[in-house]
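Report on one structure; see the data block that follows.
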Amino acid sequence: MECTGWVDGLNPLMLFHITKATSQTDTSQSKKMRGAGLWQLGQSITRRLAQTDKKAVARRYFASEADLKKTVLYDFHVAHGGKMVPFAGWSMPIQYKDSIMDSTLNCRENGSLFDVSHMCGLSLKGKDCIPFLEKLVVADVAGLAPNTGTLTVFTNEKGGAIDDSVITKVTNDHIYLVVNAGCRDKDLAHIEEHMKAFKAKGGDVSWHIHDERSLLALQGPLAGPVLQHLTKDDLSKLYFGEFRMLDINGVYCYLTRTGYTGEDGFEISVPSEHAVDLAKQILEKSEGKVRLTGLGARDSLRLEAGLCLYGNDMEQHTTPVEAGLTWAIGKRRRAEGGFLGAEVILKQIAEGPSIRRVGFFSSGPPARGHSEIQSEKGENIGEVTSGGFSPCLKKNIAMGYVKSGSHKAGTKLKIVVRGKSYEGAVTKMPFVPTKYYKP
């Protein structure tokens, strides 16, 4: 659900080839990969500078360190070798001392600890908080059991996605949700605008933005065993999508069994003054197997899991149905509507969308955002939205949108990279099987 903050689609996977050059070995293959990455970087920045005011772009994408916000773990990242880059107005680690490929593999084999404190947590409270939220999202919030959550989409009047978000129904009068860092301002403005109108009609709802808390994501097969060392609550009884308020490392935390990697794991909302100590304890209890991991590996992990990156794979003109998220629209909501853009979305469910998000394998250089997708006859049928080399599968993977009829698994196609077309095929997602902890 993370929101892109990269130059012209320049996401961490695109930077993979550049950062891989920091490894100790320098084979001829890595030299080629480095050249490809630098080409992508140069072309992306040059293209953007040519299209817009150069000073404005420089201010936006090459902001000085003083202009960037920092999480409370900033010094901790730097001390552990974190390579800090601008992301959605924050200075965040793209990687640490190990390569992005090694970090990706270690998350799947052992575990990773991510600082995701740049994302925005908030609570909605009041007896009408559920009917209020259901005007803005496609989920059946009322139908959720207490302390359970789901992925949902905030929609606009045309059915497009304003943002995707993980929401949790704590109780009937308390909703906890997390929105993307790059979408924070527009999301909060959207919620506030509708809240004022709702309250003016007598609705009982209020909100609190949790800027006093930090957010850590512990992911991978060791997430459960390691975190269990720091709490007396039995985590084996907490399943994927469930939420608890509990004591972790002596501190009152919000714990959700969820993540953005396809692995089992947790997102831990902790008071900011205790975030660094909690991170230290998690790493210590893992005996070095869980590693600090940056945005680069986070992006390759989510792509392997077939998860959308807002701003790349889903935007304000993309509906949840087109994005392959029809499952997130509750059955009651499909019957009743009542959310923004419902007419458009329900019509697409009934008749089918004209385009669909799909996954691909491809030959040649890895496909990148905006690469053209063609039929075998060379006709334009769509566009890649995310792509790169999969560290786990050791092959090129990508996702994008194609015309309905060309979306079925096994459909052969061509992907254009740097003016040359390469063979590819539609495949089912996730690319790497998910390992969510379910009963």
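So you can find residues: chains in the structure tokens are A, B, ... in the order shown, residues in each start at 1, and ligands are numbered from 1 in order.
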Counting only C-alpha atoms, what is within 12 Å of Glu134 of chain A, bar same-chain residues fewer than 3 positions away, as a short mmCIF file (atom, residue, chain, number, x, y, z; two decimals) with N, CA and C atoms, in the first residue's frame?
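Saved the output as around_22.cif:
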data_model
loop_
_atom_site.label_atom_id
_atom_site.label_comp_id
_atom_site.auth_asym_id
_atom_site.auth_seq_id
_atom_site.Cartn_x
_atom_site.Cartn_y
_atom_site.Cartn_z
N ASP A 128 -20.59 7.16 15.52
CA ASP A 128 -20.88 7.15 14.08
C ASP A 128 -19.63 7.02 13.22
N CYS A 129 -18.52 6.60 13.83
CA CYS A 129 -17.27 6.56 13.06
C CYS A 129 -17.32 5.53 11.92
N ILE A 130 -18.06 4.44 12.12
CA ILE A 130 -18.15 3.42 11.07
C ILE A 130 -19.00 3.89 9.90
N PRO A 131 -20.23 4.38 10.11
CA PRO A 131 -20.99 4.89 8.95
C PRO A 131 -20.28 6.05 8.26
N VAL A 137 -14.79 4.68 1.96
CA VAL A 137 -14.05 3.49 1.55
C VAL A 137 -15.00 2.40 1.07
N VAL A 138 -14.43 1.38 0.40
CA VAL A 138 -15.24 0.32 -0.20
C VAL A 138 -15.43 -0.88 0.74
N ALA A 139 -14.76 -0.90 1.87
CA ALA A 139 -14.82 -2.05 2.78
C ALA A 139 -16.14 -2.10 3.54
N ASP A 140 -16.52 -3.32 3.93
CA ASP A 140 -17.64 -3.52 4.85
C ASP A 140 -17.08 -3.41 6.26
N VAL A 141 -16.92 -2.19 6.73
CA VAL A 141 -16.30 -1.94 8.03
C VAL A 141 -17.21 -2.46 9.15
N ALA A 142 -18.50 -2.23 9.01
CA ALA A 142 -19.46 -2.69 10.03
C ALA A 142 -19.42 -4.20 10.19
N GLY A 143 -19.12 -4.91 9.11
CA GLY A 143 -19.12 -6.36 9.15
C GLY A 143 -17.85 -6.97 9.73
N THR A 152 -8.28 -1.65 2.30
CA THR A 152 -9.40 -0.99 1.63
C THR A 152 -8.88 0.11 0.73
N VAL A 153 -9.80 0.76 0.02
CA VAL A 153 -9.46 1.84 -0.90
C VAL A 153 -10.36 3.03 -0.63
N PHE A 154 -9.76 4.21 -0.47
CA PHE A 154 -10.51 5.47 -0.45
C PHE A 154 -10.79 5.84 -1.91
N THR A 155 -12.04 6.09 -2.23
CA THR A 155 -12.41 6.39 -3.61
C THR A 155 -12.89 7.82 -3.78
N ILE A 167 -7.19 -0.73 7.37
CA ILE A 167 -8.05 -0.21 8.44
C ILE A 167 -8.37 -1.32 9.43
N LYS A 169 -11.01 -2.29 12.69
CA LYS A 169 -12.14 -2.00 13.58
C LYS A 169 -11.75 -2.47 14.99
N ILE A 175 -11.92 3.21 15.12
CA ILE A 175 -11.27 2.68 13.92
C ILE A 175 -9.83 3.18 13.91
N ILE A 191 -10.47 13.47 4.28
CA ILE A 191 -11.20 12.99 5.45
C ILE A 191 -11.80 14.16 6.23
N HIS A 194 -14.92 15.82 4.53
CA HIS A 194 -16.14 15.03 4.67
C HIS A 194 -16.57 14.92 6.14
N MET A 195 -15.61 14.97 7.05
CA MET A 195 -15.96 14.91 8.47
C MET A 195 -16.73 16.16 8.90
N PHE A 198 -20.22 15.80 7.67
CA PHE A 198 -20.90 14.74 8.41
C PHE A 198 -21.30 15.22 9.80
N ILE A 329 -13.96 -5.16 -1.84
CA ILE A 329 -15.27 -4.51 -1.79
C ILE A 329 -16.25 -5.48 -1.15
N GLY A 330 -16.68 -5.19 0.07
CA GLY A 330 -17.54 -6.10 0.81
C GLY A 330 -18.83 -6.44 0.08
N ARG A 332 -21.85 -6.68 1.16
CA ARG A 332 -22.92 -5.74 1.50
C ARG A 332 -22.75 -4.43 0.75
N ARG A 333 -21.50 -4.00 0.59
CA ARG A 333 -21.24 -2.74 -0.11
C ARG A 333 -21.57 -2.87 -1.60
N GLU A 336 -25.40 -2.55 -1.58
CA GLU A 336 -25.96 -1.28 -1.13
C GLU A 336 -25.28 -0.04 -1.71
N GLY A 337 -24.01 -0.16 -2.10
CA GLY A 337 -23.28 1.03 -2.53
C GLY A 337 -23.06 1.96 -1.34
N GLY A 338 -23.28 3.26 -1.56
CA GLY A 338 -23.17 4.21 -0.45
C GLY A 338 -21.79 4.80 -0.25
N PHE A 339 -20.83 4.47 -1.13
CA PHE A 339 -19.50 5.07 -1.05
C PHE A 339 -19.26 5.90 -2.30
N LEU A 340 -18.29 6.80 -2.25
CA LEU A 340 -18.01 7.67 -3.39
C LEU A 340 -17.65 6.83 -4.62
N ALA A 342 -19.54 4.80 -6.24
CA ALA A 342 -20.16 3.47 -6.21
C ALA A 342 -20.81 3.11 -7.56
#
Which neighbours of Arg298 of chain A fall inside 12 Å, counting only C-alpha atoms, when residues of the same chain fewer than 6 positions from it are skipped, and could you give them as an MDAnalysis selection string?
chainID A and resid 1:2 11:13 16 93:95 100:108 111:116 217:220 259:263 292 304:305 307 309 391
Residues from last step as file, N, CA, C and O atoms, as a compact mmCIF listing (two decimals), in the first residue's frame:
# COMPACT_ATOMS: atom_id res chain seq x y z
N MET A 1 0.81 -1.21 0.00
CA MET A 1 0.00 0.00 0.00
C MET A 1 0.84 1.26 0.00
O MET A 1 0.35 2.36 -0.05
N GLU A 2 2.17 1.09 0.10
CA GLU A 2 3.03 2.25 0.20
C GLU A 2 2.82 3.18 -0.99
O GLU A 2 2.51 2.74 -2.09
N ASN A 11 11.67 4.04 -8.73
CA ASN A 11 11.47 3.40 -7.44
C ASN A 11 12.71 2.64 -7.01
O ASN A 11 13.67 2.53 -7.75
N PRO A 12 12.71 2.09 -5.77
CA PRO A 12 13.90 1.40 -5.29
C PRO A 12 14.35 0.23 -6.15
O PRO A 12 15.53 -0.05 -6.23
N LEU A 13 13.44 -0.47 -6.82
CA LEU A 13 13.87 -1.57 -7.68
C LEU A 13 14.70 -1.04 -8.84
O LEU A 13 15.65 -1.69 -9.28
N PHE A 16 18.07 -0.68 -7.75
CA PHE A 16 18.73 -1.92 -7.38
C PHE A 16 20.06 -2.09 -8.11
O PHE A 16 21.07 -2.46 -7.55
N PRO A 93 16.09 5.25 4.81
CA PRO A 93 17.16 4.36 4.32
C PRO A 93 16.70 3.53 3.13
O PRO A 93 15.67 2.87 3.19
N ILE A 94 17.46 3.59 2.03
CA ILE A 94 17.14 2.73 0.89
C ILE A 94 17.75 1.35 1.08
O ILE A 94 17.22 0.34 0.63
N GLN A 95 18.88 1.29 1.80
CA GLN A 95 19.52 0.02 2.12
C GLN A 95 20.53 0.27 3.24
O GLN A 95 20.79 1.41 3.64
N ILE A 100 20.61 -4.90 -1.72
CA ILE A 100 19.16 -5.02 -1.74
C ILE A 100 18.75 -6.47 -2.02
O ILE A 100 17.78 -6.97 -1.45
N MET A 101 19.50 -7.15 -2.88
CA MET A 101 19.20 -8.55 -3.16
C MET A 101 19.34 -9.39 -1.89
O MET A 101 18.46 -10.19 -1.55
N ASP A 102 20.46 -9.22 -1.16
CA ASP A 102 20.68 -10.00 0.07
C ASP A 102 19.62 -9.69 1.12
O ASP A 102 19.15 -10.58 1.82
N SER A 103 19.23 -8.41 1.22
CA SER A 103 18.20 -8.02 2.19
C SER A 103 16.85 -8.66 1.86
O SER A 103 16.14 -9.12 2.76
N THR A 104 16.54 -8.72 0.57
CA THR A 104 15.28 -9.34 0.14
C THR A 104 15.27 -10.82 0.50
O THR A 104 14.29 -11.34 1.07
N LEU A 105 16.35 -11.51 0.19
CA LEU A 105 16.44 -12.94 0.48
C LEU A 105 16.41 -13.21 1.98
O LEU A 105 15.79 -14.17 2.44
N ASN A 106 17.09 -12.35 2.76
CA ASN A 106 17.11 -12.56 4.20
C ASN A 106 15.74 -12.39 4.82
O ASN A 106 15.38 -13.08 5.78
N CYS A 107 14.94 -11.46 4.28
CA CYS A 107 13.58 -11.30 4.79
C CYS A 107 12.78 -12.57 4.60
O CYS A 107 12.05 -13.00 5.50
N ARG A 108 12.90 -13.20 3.44
CA ARG A 108 12.14 -14.42 3.16
C ARG A 108 12.69 -15.62 3.95
O ARG A 108 11.93 -16.51 4.31
N GLY A 111 14.29 -12.75 8.50
CA GLY A 111 13.40 -11.65 8.87
C GLY A 111 14.01 -10.29 8.62
O GLY A 111 15.23 -10.15 8.48
N SER A 112 13.17 -9.28 8.56
CA SER A 112 13.58 -7.89 8.34
C SER A 112 12.84 -6.98 9.30
O SER A 112 11.69 -7.24 9.66
N LEU A 113 13.51 -5.91 9.68
CA LEU A 113 12.89 -4.85 10.48
C LEU A 113 12.94 -3.56 9.68
O LEU A 113 14.02 -3.09 9.30
N PHE A 114 11.76 -3.01 9.38
CA PHE A 114 11.64 -1.77 8.61
C PHE A 114 11.14 -0.64 9.51
O PHE A 114 10.25 -0.84 10.34
N ASP A 115 11.71 0.54 9.31
CA ASP A 115 11.15 1.75 9.91
C ASP A 115 10.14 2.32 8.92
O ASP A 115 10.52 2.76 7.82
N VAL A 116 8.86 2.28 9.26
CA VAL A 116 7.83 2.85 8.37
C VAL A 116 7.09 3.99 9.08
O VAL A 116 5.91 4.23 8.87
N ALA A 217 7.87 -2.23 11.16
CA ALA A 217 7.33 -3.43 10.51
C ALA A 217 8.35 -4.55 10.66
O ALA A 217 9.47 -4.45 10.16
N LEU A 218 7.96 -5.59 11.37
CA LEU A 218 8.80 -6.78 11.56
C LEU A 218 8.24 -7.88 10.67
O LEU A 218 7.09 -8.29 10.85
N GLN A 219 9.02 -8.33 9.69
CA GLN A 219 8.52 -9.24 8.66
C GLN A 219 9.43 -10.45 8.50
O GLN A 219 10.64 -10.36 8.68
N GLY A 220 8.83 -11.59 8.13
CA GLY A 220 9.61 -12.77 7.83
C GLY A 220 9.28 -13.92 8.77
O GLY A 220 8.57 -13.76 9.78
N GLY A 259 1.46 -6.73 6.87
CA GLY A 259 2.73 -6.28 6.30
C GLY A 259 2.63 -6.05 4.81
O GLY A 259 1.56 -6.15 4.21
N TYR A 260 3.79 -5.77 4.20
CA TYR A 260 3.85 -5.35 2.80
C TYR A 260 4.88 -6.17 2.04
O TYR A 260 5.48 -5.70 1.10
N THR A 261 5.09 -7.42 2.51
CA THR A 261 6.14 -8.25 1.93
C THR A 261 5.64 -9.60 1.42
O THR A 261 6.35 -10.28 0.69
N GLY A 262 4.43 -9.99 1.82
CA GLY A 262 3.94 -11.33 1.51
C GLY A 262 4.32 -12.35 2.56
O GLY A 262 3.86 -13.49 2.53
N GLU A 263 5.16 -11.95 3.52
CA GLU A 263 5.58 -12.83 4.60
C GLU A 263 4.68 -12.65 5.82
O GLU A 263 3.94 -11.67 5.93
N LEU A 292 18.04 -4.93 9.88
CA LEU A 292 17.45 -3.67 9.43
C LEU A 292 17.40 -3.69 7.90
O LEU A 292 18.38 -4.09 7.25
N GLU A 304 7.28 -8.81 -5.59
CA GLU A 304 7.22 -10.27 -5.63
C GLU A 304 5.90 -10.80 -5.06
O GLU A 304 5.38 -11.83 -5.49
N ALA A 305 5.35 -10.06 -4.09
CA ALA A 305 4.07 -10.45 -3.48
C ALA A 305 2.87 -9.98 -4.27
O ALA A 305 1.72 -10.25 -3.89
N LEU A 307 1.82 -6.86 -4.74
CA LEU A 307 1.11 -5.79 -4.03
C LEU A 307 1.31 -4.45 -4.73
O LEU A 307 2.40 -4.14 -5.21
N LEU A 309 1.83 -0.49 -5.43
CA LEU A 309 2.49 0.70 -4.91
C LEU A 309 1.67 1.89 -5.39
O LEU A 309 1.61 2.15 -6.60
N PRO A 391 14.84 -10.94 -6.88
CA PRO A 391 15.94 -11.62 -6.20
C PRO A 391 15.63 -13.07 -5.84
O PRO A 391 16.52 -13.91 -5.84
Between atom CA of Ile381 of chain A and atom CA of Lys394 of chain A, what is the distance, to one decimal in Å?
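Separation of atom CA of Ile381 of chain A and atom CA of Lys394 of chain A: 26.6 Å.
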Atom CA of Arg291 of chain A to atom CA of Cys392 of chain A, distance in Å rounded to a single decimal
17.3 Å
All alpha helix (DSSP H) positions in segment 80-227 of chain A, as a ChimeraX atom specification
/A:100-109,129-134,184-200,223-227
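Distances to Asn396 of chain A were evaluated for A:Thr434, A:Asn312, A:Ser300, A:Gln281 using only C-alpha atoms, and the minimum falls at A:Ser300.
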